[in-house]
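Okay, coords-v2.txt is below, compact mmCIF, C-alpha atoms:
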# COMPACT_ATOMS: atom_id res chain seq x y z
CA MET A 1 105.11 -205.06 47.70
CA ARG A 2 105.43 -203.79 44.13
CA VAL A 3 107.91 -200.93 43.64
CA LEU A 4 108.19 -198.86 40.47
CA ILE A 5 111.75 -197.53 40.14
CA ALA A 6 111.90 -194.51 37.81
CA MET A 7 115.49 -193.26 37.98
CA ASP A 8 117.29 -190.65 35.89
CA SER A 9 121.02 -190.99 35.27
CA PHE A 10 123.63 -189.81 37.76
CA LYS A 11 125.70 -187.72 35.33
CA GLY A 12 129.28 -188.90 35.09
CA SER A 13 128.62 -191.74 37.53
CA CYS A 14 126.03 -194.25 36.38
CA SER A 15 123.39 -194.47 33.69
CA ALA A 16 119.67 -194.49 34.42
CA PRO A 17 119.45 -198.30 33.92
CA GLU A 18 122.40 -198.78 36.28
CA ALA A 19 120.84 -196.49 38.87
CA ALA A 20 117.53 -198.38 38.69
CA GLN A 21 119.34 -201.70 39.12
CA ALA A 22 121.20 -200.41 42.19
CA VAL A 23 117.95 -199.22 43.78
CA SER A 24 116.36 -202.60 43.05
CA ARG A 25 119.20 -204.40 44.82
CA GLY A 26 118.79 -202.13 47.82
CA ILE A 27 115.06 -202.83 48.03
CA ARG A 28 115.45 -206.58 47.77
CA SER A 29 118.17 -206.65 50.44
CA VAL A 30 115.48 -205.61 52.94
CA PHE A 31 112.32 -206.93 51.24
CA PRO A 32 113.48 -210.11 49.40
CA GLN A 33 109.97 -210.83 48.13
CA ALA A 34 109.41 -207.36 46.70
CA GLU A 35 108.65 -207.07 43.00
CA THR A 36 110.62 -204.27 41.37
CA ILE A 37 109.79 -202.69 38.01
CA LEU A 38 112.81 -200.92 36.56
CA LEU A 39 112.03 -197.89 34.42
CA PRO A 40 115.02 -195.72 33.47
CA VAL A 41 113.85 -192.19 32.65
CA ALA A 42 115.30 -188.88 31.44
CA ASP A 43 114.18 -185.29 31.03
CA GLY A 44 115.45 -184.77 27.49
CA GLY A 45 119.08 -184.19 28.41
CA GLU A 46 121.99 -186.59 28.71
CA GLY A 47 120.71 -190.12 29.25
CA THR A 48 117.58 -189.81 27.09
CA VAL A 49 118.96 -192.18 24.46
CA ASP A 50 120.00 -194.76 27.07
CA ALA A 51 116.63 -194.60 28.80
CA LEU A 52 114.51 -194.97 25.66
CA VAL A 53 116.73 -197.61 24.09
CA THR A 54 116.42 -199.65 27.29
CA ILE A 55 112.64 -199.22 27.50
CA PHE A 56 112.08 -200.14 23.85
CA HIS A 57 114.81 -202.81 23.63
CA GLY A 58 116.26 -200.77 20.80
CA GLU A 59 119.83 -200.30 19.67
CA LYS A 60 122.45 -197.59 19.33
CA ARG A 61 124.13 -196.57 16.11
CA ALA A 62 127.58 -195.01 15.99
CA VAL A 63 128.11 -192.28 13.40
CA ALA A 64 131.11 -190.26 12.23
CA ALA A 65 130.28 -186.67 13.14
CA HIS A 66 131.86 -183.42 14.38
CA ASP A 67 132.06 -181.95 17.85
CA PRO A 68 131.10 -178.35 18.77
CA LEU A 69 134.45 -177.07 17.47
CA GLY A 70 134.23 -179.00 14.20
CA ARG A 71 136.62 -181.80 15.16
CA PRO A 72 135.89 -185.36 13.95
CA ILE A 73 134.30 -187.62 16.56
CA THR A 74 132.14 -190.72 16.74
CA ALA A 75 128.73 -190.14 18.31
CA GLU A 76 125.71 -192.35 18.90
CA TYR A 77 121.96 -192.06 18.55
CA GLY A 78 119.21 -194.55 19.38
CA VAL A 79 116.91 -196.58 17.14
CA LEU A 80 113.70 -197.57 18.90
CA ASP A 81 111.95 -199.32 16.01
CA ALA A 82 111.91 -199.33 12.21
CA ASP A 83 110.52 -195.78 12.06
CA THR A 84 111.65 -194.06 15.27
CA ALA A 85 115.00 -192.68 16.35
CA VAL A 86 116.12 -190.66 19.37
CA VAL A 87 118.98 -188.16 19.27
CA GLU A 88 120.62 -186.22 22.11
CA THR A 89 122.03 -182.78 21.39
CA ALA A 90 124.74 -183.54 23.95
CA ALA A 91 126.04 -186.52 21.95
CA ALA A 92 127.76 -184.44 19.25
CA SER A 93 127.17 -180.84 20.34
CA GLY A 94 127.45 -181.17 24.10
CA LEU A 95 129.37 -179.18 26.67
CA PRO A 96 130.98 -182.34 28.15
CA LEU A 97 132.80 -182.84 24.83
CA LEU A 98 134.93 -179.76 25.54
CA ARG A 99 137.50 -179.04 28.20
CA ALA A 100 136.71 -175.97 30.30
CA GLU A 101 139.30 -173.87 28.47
CA GLU A 102 137.86 -174.93 25.08
CA ARG A 103 134.36 -173.59 25.67
CA ASP A 104 133.57 -171.05 22.96
CA ALA A 105 129.94 -170.01 22.71
CA VAL A 106 130.70 -167.77 19.72
CA ARG A 107 132.26 -170.48 17.52
CA ALA A 108 130.58 -173.65 18.76
CA THR A 109 128.34 -175.32 16.20
CA SER A 110 125.38 -177.68 16.30
CA TYR A 111 126.42 -179.22 12.96
CA GLY A 112 127.24 -182.58 14.59
CA THR A 113 123.70 -182.97 15.89
CA GLY A 114 122.48 -182.37 12.35
CA GLU A 115 124.79 -185.12 11.14
CA LEU A 116 123.19 -187.59 13.56
CA ILE A 117 119.72 -186.57 12.43
CA ARG A 118 120.75 -186.81 8.77
CA HIS A 119 122.05 -190.35 9.31
CA ALA A 120 118.81 -191.39 11.01
CA LEU A 121 116.75 -189.91 8.17
CA GLU A 122 118.89 -191.61 5.53
CA HIS A 123 118.33 -194.91 7.31
CA GLY A 124 114.54 -194.74 7.38
CA ALA A 125 113.54 -192.73 10.44
CA LYS A 126 110.08 -191.22 10.04
CA LYS A 127 109.85 -189.94 13.62
CA ILE A 128 112.74 -188.46 15.60
CA VAL A 129 112.78 -187.49 19.26
CA LEU A 130 115.45 -184.84 19.84
CA GLY A 131 116.62 -184.21 23.40
CA LEU A 132 117.70 -180.60 23.82
CA GLY A 133 119.79 -180.68 26.99
CA GLY A 134 123.49 -180.03 27.53
CA SER A 135 124.53 -178.18 24.38
CA ALA A 136 127.78 -176.21 24.06
CA THR A 137 126.36 -174.03 21.29
CA THR A 138 124.60 -170.71 20.82
CA ASP A 139 124.27 -170.79 17.04
CA GLY A 140 120.48 -170.71 16.82
CA GLY A 141 120.58 -174.22 15.37
CA MET A 142 122.24 -172.93 12.19
CA GLY A 143 124.81 -175.75 12.12
CA LEU A 144 122.14 -178.41 12.51
CA ALA A 145 120.07 -176.86 9.72
CA GLN A 146 123.14 -176.64 7.46
CA ALA A 147 123.75 -180.36 7.95
CA LEU A 148 120.19 -180.99 6.73
CA GLY A 149 120.64 -178.84 3.64
CA VAL A 150 119.51 -175.34 4.62
CA SER A 151 121.85 -172.63 3.32
CA PHE A 152 122.79 -169.55 5.36
CA GLN A 153 124.42 -166.93 3.12
CA ASP A 154 126.11 -163.56 3.46
CA GLU A 155 125.56 -160.60 1.11
CA ALA A 156 127.92 -162.13 -1.48
CA GLY A 157 126.05 -165.45 -1.44
CA ARG A 158 128.80 -167.26 0.46
CA GLU A 159 127.88 -169.88 3.04
CA LEU A 160 128.35 -168.78 6.63
CA GLY A 161 130.90 -170.55 8.79
CA TYR A 162 130.49 -172.18 12.19
CA GLY A 163 128.99 -170.60 15.29
CA GLY A 164 126.46 -168.03 16.43
CA GLY A 165 128.90 -165.20 15.83
CA GLU A 166 128.53 -165.78 12.08
CA LEU A 167 124.82 -164.93 12.21
CA THR A 168 125.67 -161.22 12.28
CA ARG A 169 126.61 -161.59 8.59
CA LEU A 170 123.45 -163.44 7.61
CA ALA A 171 121.71 -161.95 4.57
CA ARG A 172 119.71 -164.82 3.05
CA ILE A 173 118.32 -168.21 4.03
CA GLU A 174 117.73 -170.75 1.27
CA THR A 175 115.64 -173.81 2.12
CA LYS A 176 115.37 -175.54 -1.27
CA GLY A 177 118.24 -177.87 -0.34
CA LEU A 178 116.54 -179.16 2.84
CA MET A 179 116.37 -182.95 2.76
CA PRO A 180 112.95 -184.20 1.59
CA GLU A 181 113.14 -186.76 4.42
CA ALA A 182 113.45 -183.92 6.94
CA ARG A 183 110.39 -182.20 5.49
CA ALA A 184 108.37 -185.41 5.87
CA CYS A 185 109.69 -186.49 9.29
CA GLN A 186 107.79 -185.97 12.55
CA PHE A 187 110.16 -184.22 14.96
CA ILE A 188 109.44 -184.07 18.68
CA LEU A 189 111.68 -181.85 20.80
CA ALA A 190 112.16 -182.93 24.40
CA CYS A 191 112.54 -179.59 26.15
CA ASP A 192 111.85 -178.21 29.61
CA VAL A 193 112.84 -174.56 29.27
CA LYS A 194 110.55 -171.71 28.27
CA ASN A 195 113.18 -169.26 27.05
CA LYS A 196 112.62 -167.55 23.73
CA LEU A 197 115.49 -167.14 21.28
CA CYS A 198 116.50 -163.54 22.09
CA GLY A 199 116.28 -160.91 24.81
CA GLU A 200 117.03 -160.79 28.51
CA ARG A 201 115.72 -164.34 28.99
CA GLY A 202 116.98 -165.60 25.64
CA ALA A 203 119.46 -168.31 24.70
CA ALA A 204 122.52 -166.04 24.84
CA ALA A 205 121.67 -164.07 27.98
CA VAL A 206 120.73 -167.05 30.11
CA PHE A 207 122.83 -169.95 28.85
CA SER A 208 125.88 -168.72 26.91
CA PRO A 209 127.93 -167.65 29.99
CA GLN A 210 128.20 -171.27 31.10
CA LYS A 211 129.31 -172.10 27.56
CA GLY A 212 132.27 -169.76 27.75
CA ALA A 213 130.83 -166.40 26.69
CA ALA A 214 132.22 -163.23 28.30
CA PRO A 215 129.73 -160.39 28.98
CA GLN A 216 130.53 -158.60 25.70
CA GLN A 217 130.16 -161.87 23.79
CA VAL A 218 126.79 -162.47 25.41
CA ARG A 219 125.58 -159.14 24.01
CA GLU A 220 127.08 -159.91 20.59
CA LEU A 221 125.44 -163.33 20.48
CA ASP A 222 122.07 -161.94 21.51
CA ASN A 223 122.31 -159.34 18.74
CA ALA A 224 123.27 -162.07 16.26
CA LEU A 225 120.29 -164.21 17.29
CA ALA A 226 117.99 -161.19 17.05
CA HIS A 227 119.28 -160.60 13.51
CA TYR A 228 118.59 -164.25 12.69
CA ALA A 229 115.07 -163.90 14.07
CA ALA A 230 114.49 -160.83 11.89
CA ILE A 231 115.67 -162.66 8.75
CA LEU A 232 113.39 -165.58 9.54
CA LYS A 233 110.47 -163.20 9.93
CA ASP A 234 111.21 -161.03 6.88
CA GLN A 235 112.18 -163.73 4.40
CA LEU A 236 110.26 -166.81 5.54
CA ASP A 237 107.38 -165.16 7.44
CA CYS A 238 108.41 -167.32 10.38
CA ALA A 239 108.05 -166.18 14.00
CA ALA A 240 109.59 -169.31 15.54
CA ALA A 241 112.00 -167.17 17.60
CA GLU A 242 109.06 -165.86 19.62
CA THR A 243 107.92 -169.33 20.66
CA GLU A 244 108.47 -170.26 24.30
CA GLY A 245 111.26 -172.82 24.30
CA ALA A 246 112.81 -171.60 21.02
CA GLY A 247 116.00 -170.71 22.91
CA ALA A 248 116.56 -174.28 24.11
CA ALA A 249 119.97 -175.79 23.31
CA GLY A 250 121.40 -172.49 22.15
CA GLY A 251 118.49 -171.93 19.80
CA ILE A 252 118.45 -175.36 18.15
CA ALA A 253 114.74 -175.46 18.97
CA CYS A 254 114.20 -172.32 16.90
CA SER A 255 115.67 -173.82 13.73
CA MET A 256 113.80 -177.09 14.24
CA LEU A 257 110.55 -175.16 14.61
CA ALA A 258 111.33 -173.00 11.58
CA PHE A 259 112.52 -175.61 9.09
CA CYS A 260 111.14 -178.95 10.31
CA HIS A 261 107.81 -177.92 11.92
CA ALA A 262 108.84 -179.69 15.10
CA GLU A 263 106.66 -180.11 18.19
CA LEU A 264 107.92 -179.02 21.61
CA ARG A 265 107.15 -181.39 24.49
CA SER A 266 108.14 -181.59 28.14
CA GLY A 267 111.11 -183.94 28.19
CA ILE A 268 110.20 -185.98 31.26
CA HIS A 269 106.51 -186.23 30.37
CA LEU A 270 107.37 -187.31 26.82
CA VAL A 271 109.58 -190.11 28.16
CA LEU A 272 106.92 -191.17 30.68
CA ASP A 273 104.29 -191.25 27.94
CA LEU A 274 106.48 -193.38 25.67
CA ALA A 275 107.23 -195.72 28.57
CA GLY A 276 103.58 -196.29 29.48
CA PHE A 277 104.25 -194.92 32.96
CA ASP A 278 100.61 -194.36 33.97
CA ALA A 279 99.70 -198.02 33.49
CA LEU A 280 102.69 -199.08 35.60
CA VAL A 281 101.67 -196.76 38.45
CA GLU A 282 98.21 -198.34 38.54
CA THR A 283 99.66 -201.53 40.06
CA ALA A 284 102.50 -200.03 42.14
CA ASP A 285 102.58 -199.75 45.94
CA LEU A 286 105.56 -197.39 45.99
CA VAL A 287 107.48 -195.25 43.49
CA ILE A 288 111.17 -194.41 43.88
CA THR A 289 112.81 -191.78 41.69
CA GLY A 290 115.99 -189.73 41.70
CA GLU A 291 118.85 -188.07 39.84
CA GLY A 292 122.48 -187.13 40.38
CA ARG A 293 121.80 -183.83 42.15
CA ILE A 294 118.57 -182.74 43.76
CA ASP A 295 118.23 -179.03 44.47
CA ALA A 296 115.81 -176.17 43.88
CA GLN A 297 115.94 -176.71 40.10
CA SER A 298 114.70 -180.28 40.46
CA ALA A 299 111.19 -178.99 41.02
CA PHE A 300 111.13 -177.36 37.56
CA GLY A 301 110.80 -179.91 34.78
CA LYS A 302 113.37 -182.38 36.08
CA ALA A 303 112.77 -186.10 36.27
CA PRO A 304 111.92 -186.48 40.01
CA ALA A 305 109.29 -183.73 39.91
CA GLY A 306 107.81 -185.08 36.70
CA VAL A 307 107.65 -188.62 38.06
CA ALA A 308 105.98 -187.44 41.28
CA ALA A 309 103.44 -185.26 39.48
CA ARG A 310 102.46 -188.03 37.08
CA THR A 311 102.25 -190.55 39.91
CA LYS A 312 99.87 -188.39 41.93
CA ALA A 313 97.78 -187.66 38.85
CA VAL A 314 97.15 -191.40 38.47
CA ARG A 315 96.97 -192.66 42.08
CA ASP A 316 97.91 -191.52 45.55
CA VAL A 317 101.00 -193.73 45.71
CA PRO A 318 103.94 -192.72 47.96
CA VAL A 319 106.93 -191.32 46.08
CA LEU A 320 110.46 -191.33 47.53
CA ALA A 321 113.45 -189.59 45.94
CA ILE A 322 117.18 -190.28 46.17
CA GLY A 323 119.83 -187.84 44.98
CA GLY A 324 123.53 -188.33 44.55
CA ALA A 325 123.80 -185.03 46.38
CA LEU A 326 121.27 -182.68 47.95
CA GLY A 327 121.74 -179.00 47.19
CA ASP A 328 120.01 -175.84 48.37
CA GLY A 329 116.27 -176.03 47.88
CA ALA A 330 116.06 -179.82 47.60
CA GLU A 331 113.05 -179.67 49.92
CA ALA A 332 111.09 -178.03 47.07
CA LEU A 333 110.40 -181.56 45.82
CA LEU A 334 108.22 -182.07 48.89
CA ASN A 335 105.77 -179.66 47.27
CA CYS A 336 105.73 -181.72 44.06
CA GLY A 337 104.29 -184.93 45.51
CA VAL A 338 107.48 -186.45 46.95
CA GLU A 339 107.10 -187.75 50.52
CA SER A 340 110.79 -187.89 51.40
CA VAL A 341 114.17 -186.99 49.87
CA MET A 342 117.39 -188.78 50.78
CA SER A 343 121.03 -188.37 49.76
CA ALA A 344 122.93 -191.35 48.43
CA VAL A 345 126.06 -190.03 50.14
CA SER A 346 126.12 -191.06 53.80
CA ARG A 347 129.51 -189.64 54.79
CA ILE A 348 131.93 -186.88 53.83
CA LEU A 349 134.25 -187.92 51.01
CA PRO A 350 135.87 -186.37 47.91
CA LEU A 351 133.58 -185.74 44.92
CA GLU A 352 135.65 -188.07 42.74
CA ASP A 353 135.19 -190.93 45.20
CA ALA A 354 131.46 -190.26 45.51
CA MET A 355 131.03 -190.32 41.72
CA ALA A 356 133.14 -193.44 41.30
CA ASN A 357 131.00 -195.31 43.85
CA ALA A 358 127.56 -193.99 42.89
CA ALA A 359 125.94 -197.39 42.30
CA PRO A 360 127.03 -198.96 45.63
CA ALA A 361 126.03 -195.75 47.43
CA LEU A 362 122.60 -195.86 45.79
CA GLU A 363 122.14 -199.47 46.83
CA GLU A 364 123.18 -198.69 50.40
CA SER A 365 120.99 -195.59 50.73
CA THR A 366 118.00 -197.45 49.29
CA ALA A 367 118.47 -200.23 51.81
CA ARG A 368 118.62 -197.59 54.55
CA MET A 369 115.39 -196.07 53.27
CA MET A 370 113.73 -199.50 53.14
CA ARG A 371 114.73 -200.28 56.74
CA ILE A 372 113.06 -197.03 57.83
CA LEU A 373 110.00 -197.99 55.79
CA LYS A 374 109.97 -201.45 57.38
CA ALA A 375 110.10 -199.92 60.85
CA GLY A 376 107.22 -197.62 59.94
CA MET A 377 105.17 -200.54 58.66
CA SER A 378 105.82 -202.36 61.95
CA ILE A 379 104.64 -199.34 63.95
CA GLY A 380 101.54 -199.15 61.80
CA MET A 381 100.67 -202.80 62.48
CA GLN A 382 101.13 -202.36 66.24
CA ALA A 383 98.86 -199.33 66.21

Starting from the coordinates I provided, produce the structure as structure tokens.
Amino acid sequence: MRVLIAMDSFKGSCSAPEAAQAVSRGIRSVFPQAETILLPVADGGEGTVDALVTIFHGEKRAVAAHDPLGRPITAEYGVLDADTAVVETAAASGLPLLRAEERDAVRATSYGTGELIRHALEHGAKKIVLGLGGSATTDGGMGLAQALGVSFQDEAGRELGYGGGELTRLARIETKGLMPEARACQFILACDVKNKLCGERGAAAVFSPQKGAAPQQVRELDNALAHYAAILKDQLDCAAAETEGAGAAGGIACSMLAFCHAELRSGIHLVLDLAGFDALVETADLVITGEGRIDAQSAFGKAPAGVAARTKAVRDVPVLAIGGALGDGAEALLNCGVESVMSAVSRILPLEDAMANAAPALEESTARMMRILKAGMSIGMQA
């Protein structure tokens, strides 16, 4: 039996490579002769760098940068080969970098993500994959663009400060300082949301509340982003704000589309393409996928749904999914090509304990799934 293991990370518990290894151990505890192919995957959010660095046998580079509130930090990005780098928005501009009481959607900046991109460009990257999940910002990507040399000025010609709230004072955008390397680079944005920059389904309205914005601040941020969109249109004849997905990562996608002519791609399908997933499915007897939490949202652009859809598009191979926890609507995956969904947690225990023991729980639940599969195979032979 040949099993393709395409696992996403279990956030805060174990990385995608660690999850895949745990599943492999569980399989081989029941089927010692099974061949397992470990393929860590990600949907563009946290874990994308780990997954792609593992697949390509690349390396990580640590860079001095700034967090969403402008504090010095060290953040990492991935180098896949001499020309290709992968950056996660979450690494320097992510919500997990802030304590709950520190979340400030009005002041948070994407400047740190720009610093990672700048470092990659200065060290030879000609192609950059940017994962757009998990940001703490709603600044329309202004901070990122500033780090690459774009100037955002008020009426007096002064540079704007940090955060989306500053965009209300925007009067001029000057692009002559944009790094030549950024102009020449191929940028691919790993993104699985369709939200435009502004409006009732825009970056502020949909995502800024979880980043600390009160209702009045949500309205202020949406107005600020709408003002930014108008300046882009009037001064640069750029309608990037109207593109589906432009609101991803607090509007970072909008600035990347406007200044770097980036391409938007589905995060999970981009990773599967880079990994050569279709060729691996051709020789697999079974596919196992999963992520930290499986619920109704998992059916919309998340790793398990993407893995199942791509598997069925290649061959009718059974797909099983394991989640660290199963939430409301987890059964929606059954409509995406997944045959069965199982929780890695087999008993009631505190969340902290469950997260601390994610890898052993994954191994145990996989072994349980394999014993059921073995019993089914035995029934099939008797029939």

Point to revise | Test item: residues at most 9 Å from Ala105 in chain A, all atoms listed in the file, excluding those fewer than 6 positions along its chain, as a PyMOL selection string | key: chain A and resi 136-139+163-165+204+208-213+217-218+221+250

Within 7 Å of file point (121.4, -172.3, 15.0), counting only C-alpha atoms, expressed as a compact mmCIF listing (two decimals) with C-alpha atoms, in the frame of the given file:
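As a result, out.txt now contains:
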# COMPACT_ATOMS: atom_id res chain seq x y z
CA SER A 110 125.38 -177.68 16.30
CA THR A 138 124.60 -170.71 20.82
CA ASP A 139 124.27 -170.79 17.04
CA GLY A 140 120.48 -170.71 16.82
CA GLY A 141 120.58 -174.22 15.37
CA MET A 142 122.24 -172.93 12.19
CA GLY A 143 124.81 -175.75 12.12
CA LEU A 144 122.14 -178.41 12.51
CA GLY A 164 126.46 -168.03 16.43
CA GLY A 251 118.49 -171.93 19.80
CA ILE A 252 118.45 -175.36 18.15
CA SER A 255 115.67 -173.82 13.73

Point to revise | Between CA of Glu115 in chain A and CA of Arg71 in chain A - distance in Å to one decimal | key: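 Separating CA of Arg71 in chain A from CA of Glu115 in chain A is a distance of 12.9 Å.
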
Point to revise | Of the listed residues A:Val281, A:Ala258, A:Ala182, A:Ile288, that which approaches Ala240 in chain A most closely, counting all atoms listed in the file | key: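 Ranked by minimum distance to Ala240 in chain A, first place goes to A:Ala258.
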
Review point. Mind pulling up the distance from CA of Ala22 in chain A to CA of Leu52 in chain A?
Key: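 It comes out at 18.6 Å.
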
Review point. What separation in Å, quoted to one decimal, exists between CA of Gln297 in chain A and CA of Val206 in chain A?
Key: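 Computed distance, CA of Gln297 in chain A to CA of Val206 in chain A, equals 14.7 Å.
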
Exercise for review: Rank nothing, just name the residue among A:Asp316, A:Glu159, A:Asp328, A:Asp273 nearest to Ala296 in chain A, using all atoms listed in the file.
Suggested key: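 Smallest separation from Ala296 in chain A among the options: A:Asp328.
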
Check your understanding: For Glu35 in chain A, which residue among A:Ala284, A:Ala313, A:Ala279, A:Met1 is the nearest when counting all atoms listed in the file?
Key -> A:Met1

Review point. How would you write as a list in words the residues that get within 10 Å of (116.9, -196.7, 51.3) in the file's frame, counting all atoms listed in the file?
Key: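 Answer for this query, in the requested form: Val23, Gly26, Ile27, Val30, Ile288, Leu320, Ala321, Ile322, Met342, Ser343, Ala344, Ala361, Leu362, Glu363, Glu364, Ser365, Thr366, Ala367, Arg368, Met369, Met370, Arg371, Ile372 and Leu373 of chain A.
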
Just to be explicit: take each residue in the selection above, keep C-alpha atoms, and write the result as a PDB file, keeping the file's coordinate frame.
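Heads up, here's the output in part_23.pdb:
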ATOM      1  CA  VAL A  23     117.950-199.220  43.780  1.00  0.00           C
ATOM      2  CA  GLY A  26     118.790-202.130  47.820  1.00  0.00           C
ATOM      3  CA  ILE A  27     115.060-202.830  48.030  1.00  0.00           C
ATOM      4  CA  VAL A  30     115.480-205.610  52.940  1.00  0.00           C
ATOM      5  CA  ILE A 288     111.170-194.410  43.880  1.00  0.00           C
ATOM      6  CA  LEU A 320     110.460-191.330  47.530  1.00  0.00           C
ATOM      7  CA  ALA A 321     113.450-189.590  45.940  1.00  0.00           C
ATOM      8  CA  ILE A 322     117.180-190.280  46.170  1.00  0.00           C
ATOM      9  CA  MET A 342     117.390-188.780  50.780  1.00  0.00           C
ATOM     10  CA  SER A 343     121.030-188.370  49.760  1.00  0.00           C
ATOM     11  CA  ALA A 344     122.930-191.350  48.430  1.00  0.00           C
ATOM     12  CA  ALA A 361     126.030-195.750  47.430  1.00  0.00           C
ATOM     13  CA  LEU A 362     122.600-195.860  45.790  1.00  0.00           C
ATOM     14  CA  GLU A 363     122.140-199.470  46.830  1.00  0.00           C
ATOM     15  CA  GLU A 364     123.180-198.690  50.400  1.00  0.00           C
ATOM     16  CA  SER A 365     120.990-195.590  50.730  1.00  0.00           C
ATOM     17  CA  THR A 366     118.000-197.450  49.290  1.00  0.00           C
ATOM     18  CA  ALA A 367     118.470-200.230  51.810  1.00  0.00           C
ATOM     19  CA  ARG A 368     118.620-197.590  54.550  1.00  0.00           C
ATOM     20  CA  MET A 369     115.390-196.070  53.270  1.00  0.00           C
ATOM     21  CA  MET A 370     113.730-199.500  53.140  1.00  0.00           C
ATOM     22  CA  ARG A 371     114.730-200.280  56.740  1.00  0.00           C
ATOM     23  CA  ILE A 372     113.060-197.030  57.830  1.00  0.00           C
ATOM     24  CA  LEU A 373     110.000-197.990  55.790  1.00  0.00           C
TER      25      LEU A 373
END

Point to revise | Of the listed residues A:Ile5, A:Cys260, A:Val106, A:Val129, that which approaches Glu220 in chain A most closely, counting only C-alpha atoms | key: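 Closest to Glu220 in chain A, using only C-alpha atoms: A:Val106.
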
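Between Leu39 in chain A and the residues A:Arg103, A:Ala64, A:Met256, A:Gly276, the shortest atom-to-atom distance, using only C-alpha atoms, involves A:Gly276.
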
Review point. Which residue out of A:Thr89, A:Ser15, A:Ser346, A:Gln21 has the minimum interatomic distance to Gly45 in chain A when only C-alpha atoms are used?
Key: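 Using only C-alpha atoms, the shortest distance to Gly45 in chain A belongs to A:Thr89.
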
Let me have the centre and edge lengths in Å, one decimal, of the box along x, y and z around every listed atom of range 108-113 of chain A with 8 Å of margin on each side, as AutoDock Vina command-line options.
--center_x 127.1 --center_y -178.3 --center_z 15.9 --size_x 22.9 --size_y 25.3 --size_z 21.8

Exercise for review: List the neighbours of Ile117 in chain A out to 12 Å using only C-alpha atoms; skip same-chain residues closer than 3 positions along the sequence, and give me the result as an MDAnalysis selection string.
Suggested key: chainID A and resid 61 63:65 75:79 84:89 91:92 110:114 120:131 143:149 179 181:182 185:187 256 260

Would you pick out the contacts of Tyr162 in chain A at 7 Å or less, using all atoms listed in the file, so that residues sharing its chain but fewer than 3 positions from it are not included, and give the list as a PDB file with C-alpha atoms, keeping the file's coordinate frame?
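New file around37.pdb:
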ATOM      1  CA  ARG A 107     132.260-170.480  17.520  1.00  0.00           C
ATOM      2  CA  ALA A 108     130.580-173.650  18.760  1.00  0.00           C
ATOM      3  CA  THR A 109     128.340-175.320  16.200  1.00  0.00           C
ATOM      4  CA  GLY A 143     124.810-175.750  12.120  1.00  0.00           C
ATOM      5  CA  GLU A 166     128.530-165.780  12.080  1.00  0.00           C
TER       6      GLU A 166
END
